[in-house]
Every structure is written in structure tokens, then in C-alpha cells.
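Heads up: the structure comes next, in C-alpha cells.
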Amino acid sequence: MPLEAGLLEILACPACHAPLRDETSADEPELICTGKDCGLAYPVRDGIPVLLVDEARRPA
């Protein structure tokens with residue numbers, strides 16, 4: 001389930017405050033930080049972004 005465009009415009013990475021981009025796929029919906037030094041991937045569960053740094057996946 002993709003996020004609403006208006007919601008995505010106001011969300012930011014809690015770690016570095018950079019904008020997030022929607023990388024929703026059928027398998028694992030997530031929001032990716034666009035900050036060049038951050039890049040954390042936040043999960044989306046049941047259509048709700050989980051913007052907790054402890055829950056984020058570190059970049060590879």
C-alpha cells in the first residue's frame with residue numbers, strides 16, 4: 001500500500017532530518033533516507049511508517 005503523497009512530503013528522517021523517499025515493493029515496504037551520509041531504511045507496517053532509528057535497517 002503506497003503512502004499518500006501529502007504524507008511523504010512532511011516526513012523526514014529522525015536521525016538526520018533529510019527527506020525520505022518511498023521504496024515500497026510488494027515484499028518489504030520501506031522509506032529510505034535521502035541524506036548522503038545516513039541512508040537508513042525505515043519499515044512501513046500496515047501502511048504506517050515506523051520512524052524509529054532502532055527499527056531502521058542500516059545501509060549495506
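Identifiers in the C-alpha cells: chain A, B, ... in order shown; residue index from 1 per chain; ligand index from 1 in order shown.
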
Identify, on the basis of only C-alpha atoms, every residue whose closest approach to Tyr42 of chain A does not exceed 9 Å; exclude the query and any residue fewer than 2 positions from it along the same chain; express the result as a short mmCIF file (atom, residue, chain, number, x, y, z; two decimals) with N, CA and C atoms, in the first residue's frame.
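Everything below was put into selection_16.cif:
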data_model
loop_
_atom_site.label_atom_id
_atom_site.label_comp_id
_atom_site.auth_asym_id
_atom_site.auth_seq_id
_atom_site.Cartn_x
_atom_site.Cartn_y
_atom_site.Cartn_z
N CYS A 13 13.67 12.03 7.99
CA CYS A 13 14.47 11.06 8.74
C CYS A 13 14.66 11.58 10.17
N PRO A 29 7.78 -2.98 2.21
CA PRO A 29 7.64 -1.53 2.03
C PRO A 29 8.54 -0.80 3.02
N GLU A 30 9.25 0.22 2.54
CA GLU A 30 10.10 0.99 3.43
C GLU A 30 10.34 2.38 2.87
N LEU A 31 10.76 3.27 3.76
CA LEU A 31 11.11 4.63 3.40
C LEU A 31 12.61 4.77 3.58
N ILE A 32 13.28 5.29 2.56
CA ILE A 32 14.73 5.41 2.56
C ILE A 32 15.13 6.87 2.76
N CYS A 33 16.06 7.11 3.66
CA CYS A 33 16.57 8.45 3.89
C CYS A 33 17.40 8.88 2.68
N LEU A 40 19.42 5.47 6.12
CA LEU A 40 18.66 4.47 6.87
C LEU A 40 17.37 4.12 6.14
N VAL A 44 7.66 0.11 6.82
CA VAL A 44 6.27 0.55 6.82
C VAL A 44 5.45 -0.69 7.14
N PRO A 49 4.33 4.24 8.67
CA PRO A 49 5.80 4.30 8.75
C PRO A 49 6.27 4.20 10.20
N VAL A 50 7.26 3.36 10.42
CA VAL A 50 7.86 3.20 11.75
C VAL A 50 9.17 3.99 11.74
N LEU A 51 9.09 5.23 12.18
CA LEU A 51 10.25 6.13 12.10
C LEU A 51 11.03 6.12 13.41
N LEU A 52 11.50 4.96 13.78
CA LEU A 52 12.34 4.77 14.95
C LEU A 52 13.72 4.34 14.48
N VAL A 53 14.75 5.03 14.92
CA VAL A 53 16.11 4.72 14.48
C VAL A 53 16.48 3.29 14.85
N GLU A 55 14.59 0.74 14.82
CA GLU A 55 13.90 -0.19 13.93
C GLU A 55 14.43 -0.10 12.49
N ALA A 56 15.25 0.90 12.20
CA ALA A 56 15.71 1.14 10.83
C ALA A 56 16.80 0.13 10.43
N ARG A 57 16.82 -0.16 9.14
CA ARG A 57 17.86 -1.03 8.58
C ARG A 57 19.01 -0.14 8.15
#

Neighbour list for Ala18 of chain A as a PDB file with N, CA and C atoms, in the first residue's frame, cut-off 10 Å, only C-alpha atoms, skip fewer than 4 positions in-chain:
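result_30.pdb written:
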ATOM      1  N   LEU A  11       7.211  14.008   5.972  1.00  0.00           N
ATOM      2  CA  LEU A  11       8.044  13.101   6.761  1.00  0.00           C
ATOM      3  C   LEU A  11       9.525  13.380   6.520  1.00  0.00           C
ATOM      4  N   ALA A  12      10.320  13.201   7.566  1.00  0.00           N
ATOM      5  CA  ALA A  12      11.769  13.372   7.465  1.00  0.00           C
ATOM      6  C   ALA A  12      12.445  12.303   8.309  1.00  0.00           C
ATOM      7  N   CYS A  13      13.673  12.033   7.994  1.00  0.00           N
ATOM      8  CA  CYS A  13      14.468  11.061   8.740  1.00  0.00           C
ATOM      9  C   CYS A  13      14.662  11.581  10.171  1.00  0.00           C
ATOM     10  N   PRO A  14      14.326  10.774  11.178  1.00  0.00           N
ATOM     11  CA  PRO A  14      14.520  11.232  12.552  1.00  0.00           C
ATOM     12  C   PRO A  14      15.991  11.352  12.951  1.00  0.00           C
ATOM     13  N   ILE A  32      13.282   5.291   2.556  1.00  0.00           N
ATOM     14  CA  ILE A  32      14.735   5.410   2.560  1.00  0.00           C
ATOM     15  C   ILE A  32      15.129   6.872   2.755  1.00  0.00           C
ATOM     16  N   CYS A  33      16.059   7.112   3.665  1.00  0.00           N
ATOM     17  CA  CYS A  33      16.575   8.455   3.892  1.00  0.00           C
ATOM     18  C   CYS A  33      17.404   8.881   2.683  1.00  0.00           C
ATOM     19  N   THR A  34      17.221  10.119   2.239  1.00  0.00           N
ATOM     20  CA  THR A  34      17.961  10.629   1.083  1.00  0.00           C
ATOM     21  C   THR A  34      19.259  11.326   1.489  1.00  0.00           C
ATOM     22  N   GLY A  35      19.535  11.399   2.776  1.00  0.00           N
ATOM     23  CA  GLY A  35      20.778  12.013   3.242  1.00  0.00           C
ATOM     24  C   GLY A  35      21.982  11.199   2.792  1.00  0.00           C
ATOM     25  N   LYS A  36      22.990  11.859   2.234  1.00  0.00           N
ATOM     26  CA  LYS A  36      24.123  11.122   1.656  1.00  0.00           C
ATOM     27  C   LYS A  36      24.956  10.384   2.702  1.00  0.00           C
ATOM     28  N   CYS A  38      23.591   9.225   5.650  1.00  0.00           N
ATOM     29  CA  CYS A  38      22.695   8.463   6.517  1.00  0.00           C
ATOM     30  C   CYS A  38      22.195   7.213   5.786  1.00  0.00           C
ATOM     31  N   GLY A  39      21.173   7.361   4.965  1.00  0.00           N
ATOM     32  CA  GLY A  39      20.661   6.260   4.167  1.00  0.00           C
ATOM     33  C   GLY A  39      19.891   5.188   4.908  1.00  0.00           C
TER      34      GLY A  39
END

In chain A, DSSP alpha helix (DSSP H) residues written as a PyMOL selection string: chain A and resi 5-10

So that I have them on file, write out the residues from the current selection with C-alpha atoms, as a short mmCIF file (atom, residue, chain, number, x, y, z; two decimals), in the first residue's frame.
data_model
loop_
_atom_site.label_atom_id
_atom_site.label_comp_id
_atom_site.auth_asym_id
_atom_site.auth_seq_id
_atom_site.Cartn_x
_atom_site.Cartn_y
_atom_site.Cartn_z
CA ALA A 5 1.92 11.96 -1.44
CA GLY A 6 1.00 14.61 1.13
CA LEU A 7 2.23 12.43 3.98
CA LEU A 8 5.53 11.69 2.28
CA GLU A 9 6.16 15.43 1.78
CA ILE A 10 6.11 16.15 5.52
#

Distance of atom CA of Pro43 of chain A from atom CA of Leu20 of chain A, expressed in Å to one decimal place: 11.7 Å

Nearest to Ala41 of chain A, chosen from A:Glu4, A:Pro59, A:Thr24, A:Ala15, with only C-alpha atoms counted in the distances: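 Under the stated criterion, the closest residue is A:Pro59.
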
Sel. of strand (DSSP E or B) residues, chain A, as JSON, numbers by chain: {"A": [12, 19, 20, 21, 22, 30, 31, 32, 33, 41, 42, 43, 44, 45, 48, 49, 57]}

Nearest to Leu3 of chain A by atom-to-atom distance, counting only C-alpha atoms, from A:Asp22, A:Asp54, A:Asp37, A:Asp27: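 Of all the options, A:Asp22 lies closest to Leu3 of chain A.
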